[in-house]
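Quick notes on the structure that follows.
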Amino acid sequence: MSEQAPHVGFFVTCLVDLMRPSVGFAAIRLMEDAGCRVSVPDDQTCCGQPAYNTGDRADAVAIAKRVIERFEGFDYTVLPSGSCAGMICKHYPELFADDPDWQDRADALAAKTHELTSFLVDILWVREVPGDFRGKVTYHDSCSGLRELGVKAQPRALLEGVDGLELVEAEKSETCCGFGGSFCVKYPDISGAMVGDKADDIIATGADMVLAGDMGCLLNIAGRLSEKGAKTQVRHVAEVLAGFGDSAAIGRGGKD
Amino acid sequence: MEPTSHKFTQNARRAIGDDRLQAALANFTTTFPKKRLDVISRLPEFDDLRDEGVAIKKHVHANLDFYLERFEARVIEQGGTVHWCRDAQEARETIFGLCRAAGAKTVTKSKSMIGEEIAINEHLEAGGIEAVETDLGEYIIQIRGESPSHILVPAIHLTGEDIADTFKEKHTQLPADRDLGEPDAILREARAVLREKFLAADVGLSGANMLIAETGSVVVVTNEGNADLVMNLPKTHIVLASIEKVMPTLEDAATILRLLARSATGQDITAYTTFATGPARRGETDGPQDFHVVLLDNGRTEMLAGEFKDMLRCIRCGACLNHCPVYASVGGHAYGWVYSGPMGKVLTPNILGAHKAADLPNASTFCGKCEEICPMRIPLPRMMRHWRERQFVSGKGAAAKGKSGLKLWAWLAKRPPLYRLAASAAAGFLRILGRGKGRIGRLPVAEGRTFQALYRENGSKEQ
Amino acid sequence: MSGAREDILAAIRRAEVAPDGDPAGRLANPQPNLVPARGQGLPAELLARFIAEAEAAKASIARLSGRNEIPAAAEAYLAANSQPFEIKAAPGLANVPWTKQSLLTVNFGRAEGSDHVGISEAFAGIAETGTLMVLSGPDNPASVNFLPDTHLLVLDASRIVGAYEDGWALLRREHGKTGFMPRMVNWITGPSRSADIELILLLGVHGPRRLHILLIDG
């Protein structure tokens, strides 16, 4: 790895850390393959979005300050989540309107923070990936990635490079799956109705696998697909791109 | 209509179990977005027009007093009268007083969300004055004793069969065995019944999509033409409008009109756009003798002063309802009051009071679709978040529920070593839970170890 | 309730929204904002666009070469649509040679609930959406546009403009810089409609079921 290799601070995110470690390793492999030096700060926790979205601004500010301190030294901060990346890129700068010093630091971190697939495509110009998958795949556009960060073409461009993979679009790929963090806990009926529609939309594509860039959506979708007895596999896009497709899909592994 | 916004979760659950409602919702939440996309694809300047619309509204908010006074002066010059009302009660009393002074027995109404907001029909009826909604959808829900489930298509939750049954039940003057099987037959009957009301009415009560400061004009858009009969036939015309509806010039109105119908129903423009200016002129054989404008605050000035100012840009197009996945799941009635969908989640607590609509700003995934399509680029998720922040601080409302759990989590998030420990424990625990049966057993299972633990053990090569 | 006005205005001023622009200047000299390309073009383009857009909005159009053809065109349309030959006409159309058409009964004045057919005249046509701009007045009662089931609307092709703003400019030019607004300006785009029943498009709810434009060329 050259001296000029961009130094990436990898922000694993809570759900990947807790629920799907393989996504973290897949993301690291993709970035290292593209010539990055990847570091994983061991004192990282959460981006603070749950606090921010629940109205707990004080804790969101405190957590954001910690994240800024920890990650501002890297050339880039990359997250395998549009939602958490959106928190840093779009919402951190909103948290410090009354605090010019922190405002500048939040803006600076926001400017060099990226969701994984857009980092690979827009910054690193990656077009070829190690993964292969024989079958039909559909992609769910997670809301924050799509609307806050404009993540739409990037994962599809990368999936085009996966040997054997055929991408089929769902009619409502841009419609929210109903996860919404605490929303699915506070309003389980509505969340259930929304993810039911999402599952039907995915099943209607006839795809063998559904991919997305956010673990929250994926866990939500996997739960409903398995309830419906659908055979559709559920994976984070990084796993397929990195060629980690042999392990058990989300929701299929642990029931031994 | 007694608000039930405080029972949002119960309302929502009932709506989700209502198959007919679900079919209707599926129909129109796919139809309207498609029509909107189609129609804006024929107007490449659409996004630039949105920016201009936002700029006009911001300009109006900065000069609201000036434009309102100018509007008032122009109305008076034309021979009209302007009545300023601080709240719903004042507006109800003002309108009732004007109707009584006109000797009114029957008032025809064209659709006015402000009229719903102040419950003017109930007030008039209580005073012995018949108030007849003339928008077809509004009329249907009025005779059923319901509130609108959508600001544009108020009866969208009903099937043609429901409506035919209602007409047979309520229009007892007509033969019981008439055929209302076709939508057009329902329409003919409504036209005939309402035509008599139009011709008999002493007062016409309309809303306003905009007020024009330049000319003192009132702008009303409809597809049915009912507002034009309301504004033309009775001797007295009363306009009910909230203060943020004022616009500077006719040119500014044209810009907003290019956005309104395209965002609302996916039409380039509605069939009728009417600019009404004062009472009948000398020599005119139709038009009202008396022209009144009731200007209502009802919480708007408070919004102007605070973090909900951007919400005053809303032009009531309903696009945020049509595109909202939560609205698509539960429909308008679940929101329990006049305004539903994302705009209702922001407006209802502002107008009714936060404690009466605590769930509304929380019942969103923040998917951002509403902000994406809002013609006035209102940051609706941000406005909902403002409400959540107030609830969290005050400890009241749905945002404050689970506050202790969230606080524990935030406490951990600020202490990395403890967070890691807790995460590892949680990962193991979730794995065990995942092996179980029942509801939790169907949820995806954790893999048992955290990424951080595996990474520290094996480096980046773990798979 | 004299206090309400002052209270509301004071509350607005207390809100202290950051200053923006010159409101008095904006009213004194109204300027168009962005006018989309579909509202601009050469006269022939605007004529073609007006016709296409009006027809897309479910209006029908007959091309006439002069006002003297109005009675025959009206009669032909009513016959083709099985409508009665009794017309309530705007008084401004009294100079049309109606009497040469023996089959039509024409009365002048405002419309009543019993009128089945009305005819009035448009001030301008707006190409961008196929919209007719109709002014109210003693010669052109607004009720004629709305009460009858069938509405015939006379439009001189030379009065077709591109955009809504062009309609306002024409009105200011011909009716004065102040006090130019008639009691009603009606923009009419196709016949009355509703989708309130299961989103099925139905025509003729309260206003006319048919809008027929008599477009006078030359």
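If you're wondering about the labels, chains in the structure tokens are A, B, ... by order shown, residues count from 1 in each chain, ligands from 1 in order shown.
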
I want to know what sits within 12 Å of B:Ala102, based on only C-alpha atoms, with residues of the same chain fewer than 6 positions away left out; could you give that as a ChimeraX atom specification? /B:95-96,129,201-204,234-238,288-292

Go ahead and write the selection's residues with N, CA and C atoms as a PDB file, in the first residue's frame.
```pdb
ATOM      1  N   ILE B  95     -68.701  34.793  11.231  1.00  0.00           N
ATOM      2  CA  ILE B  95     -69.425  34.246  10.081  1.00  0.00           C
ATOM      3  C   ILE B  95     -70.906  34.057  10.428  1.00  0.00           C
ATOM      4  N   PHE B  96     -71.146  33.568  11.614  1.00  0.00           N
ATOM      5  CA  PHE B  96     -72.544  33.385  12.017  1.00  0.00           C
ATOM      6  C   PHE B  96     -73.270  34.728  12.021  1.00  0.00           C
ATOM      7  N   ILE B 129     -79.006  27.484  10.953  1.00  0.00           N
ATOM      8  CA  ILE B 129     -78.724  27.792   9.544  1.00  0.00           C
ATOM      9  C   ILE B 129     -78.200  26.535   8.867  1.00  0.00           C
ATOM     10  N   ALA B 201     -79.695  29.273  -1.906  1.00  0.00           N
ATOM     11  CA  ALA B 201     -78.817  29.773  -0.842  1.00  0.00           C
ATOM     12  C   ALA B 201     -78.839  31.288  -0.742  1.00  0.00           C
ATOM     13  N   ASP B 202     -78.791  31.771   0.503  1.00  0.00           N
ATOM     14  CA  ASP B 202     -78.744  33.208   0.759  1.00  0.00           C
ATOM     15  C   ASP B 202     -77.304  33.688   0.882  1.00  0.00           C
ATOM     16  N   VAL B 203     -76.441  32.786   1.333  1.00  0.00           N
ATOM     17  CA  VAL B 203     -75.034  33.129   1.529  1.00  0.00           C
ATOM     18  C   VAL B 203     -74.185  32.035   0.899  1.00  0.00           C
ATOM     19  N   GLY B 204     -73.116  32.455   0.226  1.00  0.00           N
ATOM     20  CA  GLY B 204     -72.107  31.512  -0.259  1.00  0.00           C
ATOM     21  C   GLY B 204     -70.854  31.673   0.574  1.00  0.00           C
ATOM     22  N   PRO B 234     -75.475  33.482  -4.606  1.00  0.00           N
ATOM     23  CA  PRO B 234     -76.116  34.097  -3.432  1.00  0.00           C
ATOM     24  C   PRO B 234     -75.863  35.604  -3.355  1.00  0.00           C
ATOM     25  N   LYS B 235     -76.677  36.256  -2.566  1.00  0.00           N
ATOM     26  CA  LYS B 235     -76.577  37.713  -2.416  1.00  0.00           C
ATOM     27  C   LYS B 235     -75.346  38.106  -1.606  1.00  0.00           C
ATOM     28  N   THR B 236     -74.891  37.181  -0.766  1.00  0.00           N
ATOM     29  CA  THR B 236     -73.738  37.477   0.079  1.00  0.00           C
ATOM     30  C   THR B 236     -72.662  36.421  -0.144  1.00  0.00           C
ATOM     31  N   HIS B 237     -71.435  36.880  -0.328  1.00  0.00           N
ATOM     32  CA  HIS B 237     -70.318  35.954  -0.446  1.00  0.00           C
ATOM     33  C   HIS B 237     -69.358  36.212   0.706  1.00  0.00           C
ATOM     34  N   ILE B 238     -69.089  35.165   1.481  1.00  0.00           N
ATOM     35  CA  ILE B 238     -68.114  35.260   2.569  1.00  0.00           C
ATOM     36  C   ILE B 238     -66.929  34.374   2.219  1.00  0.00           C
ATOM     37  N   PRO B 288     -72.554  38.672  -5.990  1.00  0.00           N
ATOM     38  CA  PRO B 288     -73.082  39.042  -4.669  1.00  0.00           C
ATOM     39  C   PRO B 288     -73.176  40.563  -4.484  1.00  0.00           C
ATOM     40  N   GLN B 289     -74.144  40.966  -3.659  1.00  0.00           N
ATOM     41  CA  GLN B 289     -74.219  42.377  -3.285  1.00  0.00           C
ATOM     42  C   GLN B 289     -73.229  42.684  -2.161  1.00  0.00           C
ATOM     43  N   ASP B 290     -73.015  41.689  -1.305  1.00  0.00           N
ATOM     44  CA  ASP B 290     -72.097  41.873  -0.180  1.00  0.00           C
ATOM     45  C   ASP B 290     -70.927  40.902  -0.292  1.00  0.00           C
ATOM     46  N   PHE B 291     -69.741  41.424  -0.037  1.00  0.00           N
ATOM     47  CA  PHE B 291     -68.515  40.629  -0.183  1.00  0.00           C
ATOM     48  C   PHE B 291     -67.686  40.795   1.084  1.00  0.00           C
ATOM     49  N   HIS B 292     -67.493  39.701   1.793  1.00  0.00           N
ATOM     50  CA  HIS B 292     -66.759  39.743   3.060  1.00  0.00           C
ATOM     51  C   HIS B 292     -65.573  38.788   3.011  1.00  0.00           C
TER      52      HIS B 292
END
```

Given a cut-off of 8 Å, which residues of chain A touch chain B, counting only C-alpha atoms, written out as a ChimeraX atom specification? /A:12,16-22,24-26,28-29,42-46,48,50-51,53-57,59,62-63,66,143-144,147,175-176,178-181,183,187,189-190,193-194,219-220,222-224,226-227,244,250-256

So that I can check the surroundings of B:Leu152, please list as a VMD selection string every protein, DNA and RNA residue that reaches within 8 Å of it, counting only C-alpha atoms and ignoring chain neighbours fewer than 4 positions away. chain B and resid 264 317 to 318

Grab the residues selected above and save them as a PDB file, in the first residue's frame with all heavy atoms.
```pdb
ATOM      1  N   ALA B 264     -50.897  18.331  -6.846  1.00  0.00           N
ATOM      2  CA  ALA B 264     -52.089  17.831  -6.160  1.00  0.00           C
ATOM      3  C   ALA B 264     -52.685  16.626  -6.864  1.00  0.00           C
ATOM      4  O   ALA B 264     -52.684  15.515  -6.331  1.00  0.00           O
ATOM      5  CB  ALA B 264     -53.120  18.944  -6.062  1.00  0.00           C
ATOM      6  N   CYS B 317     -51.687  21.243  -1.266  1.00  0.00           N
ATOM      7  CA  CYS B 317     -51.829  20.465  -2.498  1.00  0.00           C
ATOM      8  C   CYS B 317     -52.108  19.004  -2.195  1.00  0.00           C
ATOM      9  O   CYS B 317     -52.618  18.278  -3.046  1.00  0.00           O
ATOM     10  CB  CYS B 317     -50.577  20.596  -3.361  1.00  0.00           C
ATOM     11  SG  CYS B 317     -49.117  19.785  -2.672  1.00  0.00           S
ATOM     12  N   GLY B 318     -51.710  18.547  -1.006  1.00  0.00           N
ATOM     13  CA  GLY B 318     -51.957  17.155  -0.650  1.00  0.00           C
ATOM     14  C   GLY B 318     -50.929  16.177  -1.188  1.00  0.00           C
ATOM     15  O   GLY B 318     -51.050  14.967  -0.978  1.00  0.00           O
TER      16      GLY B 318
END
```

Taking 5 positions as the minimum chain separation for residues in the same chain, which residues sit within 10 Å of C:Tyr77 when counting only C-alpha atoms? Answer as a PyMOL selection string. chain C and resi 60-62+71-72+82-83+85+152+212

Any chance you can output those residues with N, CA and C atoms as an mmCIF file, in the first residue's frame?
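That gives us result-v1.cif:
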```
data_model
loop_
_atom_site.group_PDB
_atom_site.id
_atom_site.type_symbol
_atom_site.label_atom_id
_atom_site.label_comp_id
_atom_site.auth_asym_id
_atom_site.auth_seq_id
_atom_site.Cartn_x
_atom_site.Cartn_y
_atom_site.Cartn_z
ATOM 1 N N SER C 60 -63.868 20.724 -26.658
ATOM 2 C CA SER C 60 -63.865 20.511 -28.102
ATOM 3 C C SER C 60 -63.763 21.879 -28.771
ATOM 4 N N ILE C 61 -63.324 21.882 -30.023
ATOM 5 C CA ILE C 61 -63.053 23.152 -30.696
ATOM 6 C C ILE C 61 -63.620 23.114 -32.107
ATOM 7 N N ALA C 62 -64.280 24.184 -32.499
ATOM 8 C CA ALA C 62 -64.682 24.361 -33.895
ATOM 9 C C ALA C 62 -63.974 25.602 -34.416
ATOM 10 N N PRO C 71 -73.753 31.276 -35.134
ATOM 11 C CA PRO C 71 -75.043 30.580 -34.983
ATOM 12 C C PRO C 71 -75.038 29.192 -35.627
ATOM 13 N N ALA C 72 -74.519 29.103 -36.818
ATOM 14 C CA ALA C 72 -74.534 27.801 -37.506
ATOM 15 C C ALA C 72 -73.662 26.786 -36.766
ATOM 16 N N SER C 82 -77.237 16.235 -29.332
ATOM 17 C CA SER C 82 -78.635 16.064 -28.904
ATOM 18 C C SER C 82 -79.014 17.037 -27.786
ATOM 19 N N GLN C 83 -78.604 18.271 -27.932
ATOM 20 C CA GLN C 83 -78.929 19.283 -26.928
ATOM 21 C C GLN C 83 -80.021 20.204 -27.454
ATOM 22 N N PHE C 85 -82.144 23.477 -28.578
ATOM 23 C CA PHE C 85 -81.717 24.624 -29.389
ATOM 24 C C PHE C 85 -82.029 25.948 -28.700
ATOM 25 N N LEU C 152 -70.814 27.047 -24.519
ATOM 26 C CA LEU C 152 -70.108 27.434 -25.737
ATOM 27 C C LEU C 152 -69.336 28.709 -25.429
ATOM 28 N N HIS C 212 -67.380 23.749 -25.362
ATOM 29 C CA HIS C 212 -67.121 23.779 -26.802
ATOM 30 C C HIS C 212 -66.616 25.178 -27.164
#
```

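The two atoms in question, atom CA of C:Pro208 and atom CA of C:Glu53, are spaced 18.3 Å apart.
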
Pick out the closest residue to A:Glu32 from this set: A:Ala242, A:Cys184, A:Glu169, A:Val162. Count only C-alpha atoms. A:Ala242
